[in-house]
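This is my_file.txt. It holds compact mmCIF, C-alpha atoms.
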# COMPACT_ATOMS: atom_id res chain seq x y z
CA MET F 1 5.86 -13.66 -13.18
CA THR F 2 6.37 -11.08 -15.89
CA ALA F 3 9.49 -8.99 -15.51
CA ILE F 4 9.26 -5.41 -14.28
CA PRO F 5 11.45 -2.62 -15.65
CA VAL F 6 13.43 -0.84 -12.96
CA ILE F 7 13.67 2.88 -12.37
CA SER F 8 15.95 4.34 -9.69
CA TYR F 9 14.25 4.36 -6.31
CA ILE F 10 14.36 8.17 -6.08
CA GLY F 11 13.99 8.82 -9.79
CA SER F 12 17.48 10.27 -10.04
CA ALA F 13 19.91 9.84 -12.90
CA ARG F 14 20.92 6.29 -13.59
CA PHE F 15 23.96 4.93 -11.79
CA ASN F 16 24.12 7.55 -9.07
CA LEU F 17 22.68 5.91 -5.96
CA TRP F 18 25.93 4.91 -4.34
CA ARG F 19 27.10 8.51 -4.27
CA ALA F 20 24.40 9.39 -1.73
CA GLY F 21 26.67 8.54 1.19
CA MET F 22 28.39 5.89 3.22
CA ARG F 23 26.25 2.77 3.00
CA ALA F 24 26.12 -0.84 2.01
CA ILE F 25 25.65 -1.58 -1.68
CA THR F 26 22.27 -2.95 -2.73
CA PRO F 27 20.70 -4.73 -5.72
CA SER F 28 19.32 -1.40 -6.96
CA ASP F 29 22.89 -0.09 -7.27
CA ALA F 30 23.66 -2.94 -9.66
CA ILE F 31 20.50 -2.28 -11.67
CA ASP F 32 21.40 1.38 -12.08
CA LEU F 33 24.94 0.47 -13.13
CA ILE F 34 23.76 -2.03 -15.75
CA THR F 35 21.15 0.39 -17.07
CA SER F 36 23.79 3.10 -17.45
CA THR F 37 25.86 0.83 -19.71
CA GLY F 38 22.95 0.56 -22.15
CA LEU F 39 22.20 -3.11 -21.55
CA PRO F 40 18.52 -4.02 -21.11
CA VAL F 41 17.75 -5.18 -17.56
CA GLU F 42 14.48 -6.29 -15.97
CA VAL F 43 13.65 -7.31 -12.41
CA LYS F 44 11.84 -10.56 -11.71
CA ARG F 45 12.11 -10.48 -7.94
CA PHE F 46 14.41 -9.02 -5.33
CA ASP F 47 17.21 -11.55 -5.93
CA SER F 48 16.92 -12.21 -9.65
CA VAL F 49 16.99 -10.19 -12.87
CA THR F 50 17.12 -10.63 -16.62
CA VAL F 51 20.03 -9.01 -18.49
CA ALA F 52 19.96 -9.07 -22.28
CA GLU F 53 17.42 -11.94 -22.14
CA ARG F 54 19.55 -14.00 -19.73
CA ASN F 55 18.16 -14.80 -16.29
CA ALA F 56 20.58 -14.13 -13.45
CA ARG F 57 20.53 -14.70 -9.71
CA LEU F 58 21.97 -11.87 -7.61
CA TYR F 59 24.64 -12.36 -4.96
CA VAL F 60 25.32 -9.13 -3.04
CA ARG F 61 28.72 -9.10 -1.33
CA GLN F 62 29.97 -6.10 0.67
CA THR F 63 33.54 -7.32 0.11
CA PRO F 64 34.67 -8.93 -3.16
CA PRO F 65 34.54 -12.73 -2.86
CA SER F 66 37.45 -14.89 -3.86
CA PRO F 67 37.15 -17.06 -6.99
CA GLY F 68 37.36 -20.06 -4.68
CA SER F 69 34.30 -19.01 -2.68
CA ILE F 70 32.35 -18.38 -5.88
CA ARG F 71 32.95 -21.95 -6.97
CA THR F 72 31.10 -23.15 -3.85
CA ASP F 73 27.91 -21.23 -4.72
CA ASP F 74 24.96 -22.99 -6.29
CA ARG F 75 26.03 -23.92 -9.81
CA ARG F 76 22.45 -24.81 -10.74
CA ALA F 77 21.50 -21.13 -10.57
CA GLY F 78 22.58 -20.57 -14.18
CA LEU F 79 24.00 -17.08 -14.63
CA ARG F 80 25.22 -15.76 -11.27
CA MET F 81 25.68 -12.03 -10.88
CA TYR F 82 27.94 -10.82 -8.07
CA VAL F 83 27.23 -7.29 -6.85
CA VAL F 84 30.41 -6.00 -5.22
CA PRO F 85 32.01 -2.63 -4.35
CA ARG F 86 35.21 -3.16 -6.35
CA LEU F 87 36.39 -5.33 -9.22
CA THR F 88 39.40 -7.43 -8.23
CA GLU F 89 41.70 -9.00 -10.80
CA GLY F 90 40.51 -12.41 -9.69
CA LEU F 91 36.88 -11.52 -10.34
CA ARG F 92 37.76 -9.89 -13.66
CA ARG F 93 39.60 -13.02 -14.80
CA LEU F 94 36.83 -15.37 -13.65
CA ALA F 95 34.06 -13.34 -15.36
CA SER F 96 36.16 -13.11 -18.53
CA GLU F 97 36.60 -16.88 -18.69
CA ASP F 98 33.22 -18.12 -17.47
CA ASN F 99 30.02 -16.84 -19.15
CA ARG F 100 28.01 -18.11 -16.18
CA ILE F 101 29.58 -15.41 -13.99
CA ALA F 102 28.72 -11.71 -14.17
CA VAL F 103 30.12 -9.00 -11.89
CA ALA F 104 28.63 -5.58 -11.13
CA ALA F 105 31.40 -3.55 -9.47
CA VAL F 106 29.35 -0.64 -8.16
CA HIS F 107 32.04 1.80 -7.06
CA ASP F 108 34.19 1.16 -10.12
CA GLY F 109 31.28 1.58 -12.51
CA VAL F 110 32.20 -1.67 -14.27
CA PHE F 111 29.90 -4.51 -15.32
CA MET F 112 31.43 -7.80 -16.50
CA PHE F 113 28.97 -9.81 -18.61
CA GLU F 114 29.50 -12.70 -21.03
CA GLY F 115 33.23 -12.18 -20.97
CA LYS F 116 33.00 -8.48 -21.86
CA GLU F 117 33.60 -5.37 -19.78
CA TYR F 118 30.97 -2.62 -19.82
CA ARG F 119 31.56 0.76 -18.19
CA ALA F 120 29.17 3.42 -16.96
CA PRO F 121 29.43 6.80 -18.75
CA SER F 122 32.11 8.98 -17.20
CA GLU F 123 29.56 11.53 -15.96
CA ALA F 124 27.77 8.80 -13.99
CA THR F 125 30.75 7.91 -11.83
CA ASP F 126 33.20 9.75 -9.64
CA PHE F 127 36.45 7.81 -9.38
CA SER F 128 38.14 10.58 -7.41
CA SER F 129 35.76 10.04 -4.50
CA GLU F 130 36.48 7.07 -2.26
CA THR F 131 33.22 5.76 -0.85
CA VAL F 132 33.33 3.82 2.40
CA THR F 133 30.40 1.46 2.80
CA ARG F 134 28.71 0.48 6.05
CA ARG F 135 25.49 -1.18 7.02
CA VAL F 136 22.44 1.06 7.26
CA PRO F 137 21.12 0.95 10.87
CA TRP F 138 17.58 -0.01 9.91
CA GLY F 139 16.86 -1.13 13.48
CA ARG F 140 17.77 2.27 14.90
CA TYR F 141 15.42 4.05 12.51
CA ALA F 142 12.66 1.55 13.33
CA LEU F 143 13.24 2.19 17.03
CA LEU F 144 12.75 5.92 16.50
CA ARG F 145 9.43 5.22 14.82
CA VAL F 146 8.01 2.90 17.47
CA LEU F 147 9.15 5.22 20.27
CA ALA F 148 7.01 7.87 18.56
CA ARG F 149 3.94 5.62 18.71
CA THR F 150 3.10 6.15 22.39
CA PRO F 151 4.52 7.87 25.47
CA ASP F 152 4.11 4.65 27.45
CA PRO F 153 7.51 3.32 28.65
CA ARG F 154 8.37 -0.09 27.23
CA THR F 155 11.03 -2.69 27.89
CA GLN F 156 13.76 -3.39 25.38
CA SER F 157 12.07 -6.70 24.59
CA HIS F 158 8.76 -4.96 23.83
CA LEU F 159 10.47 -2.36 21.67
CA ALA F 160 12.33 -5.09 19.79
CA THR F 161 9.05 -6.82 18.95
CA GLU F 162 7.50 -3.60 17.65
CA ALA F 163 10.57 -2.66 15.62
CA GLY F 164 11.07 -6.15 14.20
CA VAL F 165 14.66 -6.45 15.42
CA THR F 166 16.52 -8.23 18.20
CA GLN F 167 16.71 -7.00 21.77
CA ALA F 168 20.48 -6.68 21.34
CA ALA F 169 19.91 -4.34 18.39
CA VAL F 170 17.54 -2.22 20.48
CA SER F 171 20.06 -2.04 23.34
CA GLN F 172 22.77 -0.89 20.98
CA SER F 173 20.48 1.64 19.27
CA LEU F 174 19.30 3.18 22.54
CA ARG F 175 22.89 4.11 23.33
CA HIS F 176 22.99 6.18 20.12
CA LEU F 177 19.78 8.12 20.81
CA GLY F 178 21.17 10.15 23.72
CA ASP F 179 18.80 12.83 25.02
CA LEU F 180 16.02 11.77 22.65
CA VAL F 181 15.07 8.99 25.09
CA THR F 182 14.72 8.61 28.82
CA ARG F 183 14.41 5.59 31.09
CA ASN F 184 12.45 4.84 34.24
CA SER F 185 11.55 1.73 36.19
CA ALA F 186 8.92 0.72 33.61
CA GLY F 187 11.17 1.01 30.59
CA TRP F 188 12.22 3.40 27.82
CA GLN F 189 10.27 6.26 26.29
CA ALA F 190 10.83 9.28 24.05
CA ARG F 191 11.55 12.54 25.84
CA ASP F 192 9.89 14.72 23.16
CA VAL F 193 7.91 13.13 20.33
CA ARG F 194 8.36 16.12 17.97
CA ALA F 195 12.14 16.09 18.44
CA LEU F 196 12.14 12.33 17.87
CA SER F 197 10.10 12.67 14.68
CA GLU F 198 12.31 15.43 13.30
CA ALA F 199 15.42 13.38 14.09
CA PHE F 200 14.01 10.49 12.07
CA LEU F 201 13.07 12.66 9.09
CA THR F 202 16.50 14.28 9.10
CA GLN F 203 18.51 11.07 9.34
CA TYR F 204 16.49 8.39 7.53
CA PRO F 205 18.06 7.57 4.13
CA GLY F 206 14.86 6.12 2.69
CA PRO F 207 13.91 2.44 2.42
CA ARG F 208 16.02 1.94 -0.72
CA GLY F 209 15.55 -1.33 -2.56
CA ILE F 210 14.16 -1.76 -6.08
CA THR F 211 11.44 0.50 -7.48
CA SER F 212 9.37 0.52 -10.65
CA SER F 213 7.27 3.50 -11.79
CA TRP F 214 3.74 3.29 -13.18
CA TYR F 215 0.96 5.51 -14.51
CA SER F 216 -2.83 5.29 -14.37
CA LEU F 217 -5.73 7.69 -14.92
CA GLU F 218 -7.54 6.40 -11.83
CA PRO F 219 -7.53 8.50 -8.64
CA VAL F 220 -4.29 7.90 -6.79
CA VAL F 221 -5.89 6.39 -3.68
CA ALA F 222 -7.91 4.02 -5.88
CA GLN F 223 -4.70 2.93 -7.61
CA ALA F 224 -3.12 1.97 -4.29
CA ASP F 225 -6.30 0.21 -3.17
CA ARG F 226 -6.37 -1.81 -6.39
CA ILE F 227 -2.82 -3.06 -5.82
CA ALA F 228 -3.62 -3.88 -2.19
CA ALA F 229 -6.68 -5.86 -3.32
CA THR F 230 -4.85 -7.90 -5.95
CA ASP F 231 -1.46 -8.53 -4.32
CA GLY F 232 -2.25 -12.05 -3.08
CA ASP F 233 0.34 -13.03 -0.49
CA ALA F 234 2.62 -10.04 -1.10
CA ALA F 235 1.21 -8.10 1.92
CA VAL F 236 1.67 -4.64 0.46
CA LEU F 237 1.68 -1.40 2.47
CA ILE F 238 0.47 1.98 1.17
CA SER F 239 2.52 5.15 1.57
CA GLY F 240 3.12 8.50 -0.11
CA ASP F 241 0.11 10.71 -0.76
CA ALA F 242 -2.23 7.71 -0.72
CA GLY F 243 -0.93 6.66 2.68
CA ALA F 244 -1.19 10.20 4.03
CA ASP F 245 -4.81 10.29 2.87
CA LEU F 246 -5.48 7.28 5.10
CA ILE F 247 -3.65 8.69 8.14
CA ALA F 248 -4.13 12.47 8.05
CA PRO F 249 -5.82 13.78 4.87
CA TRP F 250 -4.69 17.21 3.74
CA ARG F 251 -3.77 17.67 0.09
CA LYS F 252 -5.02 16.14 -3.13
CA PRO F 253 -2.99 12.94 -3.64
CA THR F 254 -0.73 13.02 -6.70
CA ARG F 255 1.38 9.90 -6.16
CA ALA F 256 0.97 6.63 -4.32
CA ILE F 257 3.86 4.59 -3.03
CA VAL F 258 3.27 0.90 -2.42
CA TYR F 259 5.74 -1.39 -0.65
CA GLY F 260 5.71 -5.11 -1.35
CA ARG F 261 7.82 -8.08 -0.37
CA THR F 262 8.17 -9.36 -3.95
CA GLY F 263 8.04 -7.90 -7.42
CA LEU F 264 4.63 -7.44 -9.05
CA ASP F 265 3.70 -6.95 -12.69
CA LEU F 266 1.36 -3.98 -12.48
CA ALA F 267 0.75 -4.03 -16.23
CA ALA F 268 -1.54 -6.97 -15.56
CA SER F 269 -3.58 -4.64 -13.31
CA GLY F 270 -4.01 -1.99 -16.00
CA PHE F 271 -1.03 0.23 -15.22
CA ALA F 272 1.33 1.59 -17.86
CA GLU F 273 5.09 1.75 -17.38
CA SER F 274 6.22 5.31 -16.70
CA ASP F 275 9.26 7.47 -16.10
CA PRO F 276 9.62 8.63 -12.48
CA GLU F 277 8.59 12.22 -13.20
CA ARG F 278 5.18 11.25 -14.65
CA ALA F 279 4.47 8.30 -12.38
CA THR F 280 1.28 8.20 -10.35
CA LEU F 281 2.38 5.10 -8.45
CA GLU F 282 5.74 3.73 -7.32
CA TYR F 283 6.05 0.08 -6.41
CA THR F 284 9.05 -0.75 -4.21
CA VAL F 285 10.57 -3.90 -2.79
CA PRO F 286 12.41 -2.14 0.06
CA ALA F 287 15.83 -2.91 1.45
CA ASP F 288 14.58 -1.73 4.87
CA PRO F 289 13.25 -4.95 6.48
CA THR F 290 11.50 -3.18 9.39
CA ILE F 291 8.70 -1.45 7.49
CA TRP F 292 6.14 -4.21 8.08
CA ALA F 293 6.90 -4.55 11.79
CA THR F 294 6.48 -0.85 12.54
CA ALA F 295 3.32 -0.69 10.43
CA ALA F 296 1.89 -3.57 12.48
CA ALA F 297 2.85 -1.81 15.73
CA PHE F 298 0.96 1.34 14.73
CA ALA F 299 -2.02 -0.77 13.61
CA SER F 300 -2.40 -1.97 17.23
CA GLY F 301 -3.36 -5.55 16.45
CA ALA F 302 -5.26 -4.93 13.21
CA THR F 303 -3.89 -5.94 9.83
CA PRO F 304 -1.89 -2.91 8.66
CA ARG F 305 -3.04 -1.26 5.47
CA ASN F 306 -0.49 1.55 5.36
CA VAL F 307 3.03 2.24 6.57
CA ASP F 308 3.63 3.99 9.89
CA PRO F 309 3.17 7.79 9.90
CA LEU F 310 6.89 8.62 9.92
CA ILE F 311 7.69 6.48 6.87
CA CYS F 312 4.69 8.11 5.20
CA ALA F 313 5.92 11.60 6.16
CA HIS F 314 9.34 10.80 4.68
CA ASP F 315 7.73 9.67 1.42
CA VAL F 316 5.41 12.70 1.19
CA ARG F 317 8.38 15.01 1.69
CA ARG F 318 10.28 13.16 -1.05
CA ILE F 319 7.35 13.42 -3.47
CA GLY F 320 7.41 17.17 -2.85
CA GLY F 321 5.12 19.88 -4.11
CA PRO F 322 4.15 23.34 -2.83
CA ASP F 323 2.03 21.90 0.00
CA ALA F 324 4.26 18.95 0.90
CA ASP F 325 5.51 20.60 4.10
CA ASP F 326 1.93 21.22 5.23
CA ALA F 327 1.02 17.60 4.51
CA VAL F 328 4.03 16.39 6.50
CA GLU F 329 3.08 18.70 9.36
CA HIS F 330 -0.40 17.15 9.50
CA LEU F 331 1.16 13.69 9.73
CA LEU F 332 3.41 14.80 12.60
CA GLU F 333 0.45 16.41 14.33
CA SER F 334 -1.47 13.13 14.05
CA ILE F 335 1.39 11.42 15.91
CA GLU F 336 1.29 14.09 18.60
CA ARG F 337 -2.50 13.74 18.99
CA ASN F 338 -2.15 9.99 19.49
CA TRP F 339 0.66 10.68 21.93
CA THR F 340 -1.51 13.04 23.95
CA ALA F 341 -4.52 10.69 23.91
CA ALA F 342 -2.48 7.69 25.09
Conversion result in structure tokens:
Amino acid sequence: MTAIPVISYIGSARFNLWRAGMRAITPSDAIDLITSTGLPVEVKRFDSVTVAERNARLYVRQTPPSPGSIRTDDRRAGLRMYVVPRLTEGLRRLASEDNRIAVAAVHDGVFMFEGKEYRAPSEATDFSSETVTRRVPWGRYALLRVLARTPDPRTQSHLATEAGVTQAAVSQSLRHLGDLVTRNSAGWQARDVRALSEAFLTQYPGPRGITSSWYSLEPVVAQADRIAATDGDAAVLISGDAGADLIAPWRKPTRAIVYGRTGLDLAASGFAESDPERATLEYTVPADPTIWATAAAFASGATPRNVDPLICAHDVRRIGGPDADDAVEHLLESIERNWTAA
């Protein structure tokens, strides 16, 4: 598969993603860091990249691994890139001595590659701010979305299936939702679907992951349809303006967002690489693993074509524009209509 150039998932300045808040580091953080150093980097798939014409497999570690644990990893992988929060002396020494080891220290803004140390520009990092990382509660956000699907009370097991998480994760998440949910003998349900939807849109950090930006002269909905028709086994989902046009049409679509499980070379489908500002289509391999499960839940047994309405509303709001709020409102109203009709 041909490599795909990476642009930041929100189109912001290069190595700046980790400053968005307390969260676990991701492969896209490493890509932004490497890009900021001036080294060429391309994405092949979610767990592998090419840096300066060398293929590398990614190993994301939320705590820096010891040199001893690195030696137990698959040595047949060629260049191994460790994505970590901080650069320890042990990792620095190992990467300096072994050209098969690269280290992207996200919070330090340091990339060790082929025995050399590359640093992000000073304006791209903030060493005075100590960032504490924690896992993003994807299951909790998925639970909010499936609770918005219908007023019918459901058991924790049923909710877990719809959200694509374990029953234990649902049980833990329900304790965090407080007055947003209520329980009766039949199960759990949302108390107020509008309040639930607004809570999701306020709290959701976005699906994150790795995004590439593309441009085409075709109508935006047709662009998304073309990717959906040619994705093979990737099982893509349509969002953004193109997704909103499928769920609750309102404004003229200006940008499609397509989520896929693996990287795709859209140049082979007639798209041109683009900067985020001019892009008509974003293709994302998301870090949020629940997107397909909630899309399937809203599709009610059919093969889902688009993301669920709340993910779509989040993406439309992010795309922006003078009528973005109206478009989001129509998506929320579509949820409320389904709620009333249930």
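Here atom CA of Gly187 of chain F stands at a distance of 21.6 Å from atom CA of Ala299 of chain F.
The gap separating atom CA of Ser173 of chain F from atom CA of Arg140 of chain F is 5.2 Å, in Å to one decimal.
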Give me the residues near Ala163 of chain F as a JSON list (two decimals) with C-alpha atoms, keeping the file's coordinate frame, where near means some atom within 7 Å (using all atoms listed in the file) and where sequence neighbours in that chain fewer than 6 positions away do not count.
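Produced file result_34.json, reproduced below:
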[["chain", "number", "residue", "atom", "x", "y", "z"],
["F", 139, "GLY", "CA", 16.86, -1.13, 13.48],
["F", 142, "ALA", "CA", 12.66, 1.55, 13.33],
["F", 143, "LEU", "CA", 13.24, 2.19, 17.03],
["F", 146, "VAL", "CA", 8.01, 2.90, 17.47],
["F", 290, "THR", "CA", 11.50, -3.18, 9.39],
["F", 293, "ALA", "CA", 6.90, -4.55, 11.79],
["F", 294, "THR", "CA", 6.48, -0.85, 12.54]]
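With all atoms listed in the file as the basis for measurement, F:Phe200 is the residue among F:Pro286, F:Phe200, F:Ala256, F:Ile319 that approaches Leu332 of chain F most closely.
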As a check of understanding: the span from atom CA of Pro137 of chain F to atom CA of Val316 of chain F is 21.9 Å
Selection: 8 Å around Glu273 of chain F, only C-alpha atoms, excl. self and same-chain fewer than 3 positions, as a short mmCIF file (atom, residue, chain, number, x, y, z; two decimals) with C-alpha atoms, in the frame of the given file:
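Done, and the output landed in part_6.cif:
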data_model
loop_
_atom_site.label_atom_id
_atom_site.label_comp_id
_atom_site.auth_asym_id
_atom_site.auth_seq_id
_atom_site.Cartn_x
_atom_site.Cartn_y
_atom_site.Cartn_z
CA PRO F 5 11.45 -2.62 -15.65
CA SER F 213 7.27 3.50 -11.79
CA TRP F 214 3.74 3.29 -13.18
CA TYR F 215 0.96 5.51 -14.51
CA ALA F 267 0.75 -4.03 -16.23
#
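Comparing the minimum interatomic distances between Pro151 of chain F and each of F:Thr182, F:Ser69, F:Ser300, F:Thr166, counting only C-alpha atoms, we find that F:Thr182 sits nearest.
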Counting all atoms listed in the file, which residue out of F:Val84, F:Val106, F:Ala272, F:Leu94 sits closest to Gly68 of chain F? F:Leu94
Using all atoms listed in the file, which residues sit within 6 Å of Ala287 of chain F once same-chain residues fewer than 3 positions away are excluded, as a PyMOL selection string? chain F and resi 207-209
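Of the listed residues (F:Leu79, F:Ala242, F:Ile31, F:Ala327), F:Leu79 comes nearest to Glu53 of chain F; the distances count all atoms listed in the file.
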Please determine, counting all atoms listed in the file, which residue among F:Pro253, F:Pro65, F:Gly260, F:Gly301 has the shortest atom-to-atom distance to Gly320 of chain F. F:Pro253
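With distances taken over all atoms listed in the file, F:Arg119 is the one residue among F:Arg119, F:Arg251, F:His158, F:Arg183 lying closest to Ile34 of chain F.
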List the spatial neighbours of Leu58 of chain F as a ChimeraX atom specification - criterion: any atom at most 8 Å away, only C-alpha atoms, same-chain residues fewer than 5 positions off excluded. /F:27,47-49,80-83
Restrict the selected residues to C-alpha atoms and save them as a JSON list (two decimals), in the frame of the given file.
[["chain", "number", "residue", "atom", "x", "y", "z"],
["F", 27, "PRO", "CA", 20.70, -4.73, -5.72],
["F", 47, "ASP", "CA", 17.21, -11.55, -5.93],
["F", 48, "SER", "CA", 16.92, -12.21, -9.65],
["F", 49, "VAL", "CA", 16.99, -10.19, -12.87],
["F", 80, "ARG", "CA", 25.22, -15.76, -11.27],
["F", 81, "MET", "CA", 25.68, -12.03, -10.88],
["F", 82, "TYR", "CA", 27.94, -10.82, -8.07],
["F", 83, "VAL", "CA", 27.23, -7.29, -6.85]]
Residues around (-10.0, -0.4, -16.2), cut-off 12 Å, counting only C-alpha atoms - what are they as an mmCIF file with C-alpha atoms, in the coordinates of the input?
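Once everything was written out, this is point30.cif:
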data_model
loop_
_atom_site.group_PDB
_atom_site.id
_atom_site.type_symbol
_atom_site.label_atom_id
_atom_site.label_comp_id
_atom_site.auth_asym_id
_atom_site.auth_seq_id
_atom_site.Cartn_x
_atom_site.Cartn_y
_atom_site.Cartn_z
ATOM 1 C CA SER F 216 -2.830 5.290 -14.370
ATOM 2 C CA LEU F 217 -5.730 7.690 -14.920
ATOM 3 C CA GLU F 218 -7.540 6.400 -11.830
ATOM 4 C CA PRO F 219 -7.530 8.500 -8.640
ATOM 5 C CA ALA F 222 -7.910 4.020 -5.880
ATOM 6 C CA GLN F 223 -4.700 2.930 -7.610
ATOM 7 C CA ARG F 226 -6.370 -1.810 -6.390
ATOM 8 C CA ALA F 267 0.750 -4.030 -16.230
ATOM 9 C CA ALA F 268 -1.540 -6.970 -15.560
ATOM 10 C CA SER F 269 -3.580 -4.640 -13.310
ATOM 11 C CA GLY F 270 -4.010 -1.990 -16.000
ATOM 12 C CA PHE F 271 -1.030 0.230 -15.220
ATOM 13 C CA ALA F 272 1.330 1.590 -17.860
#
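Counting all atoms listed in the file, Gln167 of chain F has the following residues at most 6 Å away, ignoring those fewer than 2 positions along the same chain: Gln156, Ser157, Ala160, Ala169 and Val170 of chain F.
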Write segment 55-66 of chain F as a tab-separated table (two decimals), in the coordinates of the input, completed to N, CA, C and O atoms.
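In the end it all went to selection-v4.tsv:
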chain	number	residue	atom	x	y	z
F	55	ASN	N	18.56	-14.85	-17.68
F	55	ASN	CA	18.16	-14.80	-16.29
F	55	ASN	C	19.38	-14.93	-15.39
F	55	ASN	O	20.25	-15.76	-15.64
F	56	ALA	N	19.43	-14.11	-14.35
F	56	ALA	CA	20.58	-14.13	-13.45
F	56	ALA	C	20.10	-14.05	-12.00
F	56	ALA	O	19.15	-13.34	-11.68
F	57	ARG	N	20.78	-14.80	-11.15
F	57	ARG	CA	20.53	-14.70	-9.71
F	57	ARG	C	21.56	-13.75	-9.10
F	57	ARG	O	22.75	-13.81	-9.45
F	58	LEU	N	21.09	-12.86	-8.21
F	58	LEU	CA	21.97	-11.87	-7.61
F	58	LEU	C	22.60	-12.37	-6.32
F	58	LEU	O	21.95	-12.97	-5.48
F	59	TYR	N	23.90	-12.08	-6.18
F	59	TYR	CA	24.64	-12.36	-4.96
F	59	TYR	C	25.30	-11.05	-4.54
F	59	TYR	O	26.26	-10.61	-5.17
F	60	VAL	N	24.77	-10.41	-3.50
F	60	VAL	CA	25.32	-9.13	-3.04
F	60	VAL	C	26.39	-9.40	-2.00
F	60	VAL	O	26.14	-10.08	-1.00
F	61	ARG	N	27.59	-8.90	-2.24
F	61	ARG	CA	28.72	-9.10	-1.33
F	61	ARG	C	29.33	-7.73	-1.00
F	61	ARG	O	29.74	-7.00	-1.90
F	62	GLN	N	29.42	-7.40	0.27
F	62	GLN	CA	29.97	-6.10	0.67
F	62	GLN	C	31.49	-6.07	0.55
F	62	GLN	O	32.09	-5.00	0.56
F	63	THR	N	32.12	-7.22	0.44
F	63	THR	CA	33.54	-7.32	0.11
F	63	THR	C	33.67	-8.30	-1.05
F	63	THR	O	32.93	-9.30	-1.10
F	64	PRO	N	34.55	-8.04	-2.00
F	64	PRO	CA	34.67	-8.93	-3.16
F	64	PRO	C	35.00	-10.35	-2.75
F	64	PRO	O	35.96	-10.57	-1.99
F	65	PRO	N	34.25	-11.34	-3.19
F	65	PRO	CA	34.54	-12.73	-2.86
F	65	PRO	C	35.74	-13.25	-3.66
F	65	PRO	O	36.07	-12.72	-4.71
F	66	SER	N	36.35	-14.26	-3.14
F	66	SER	CA	37.45	-14.89	-3.86
F	66	SER	C	36.88	-15.83	-4.92
F	66	SER	O	35.77	-16.34	-4.77
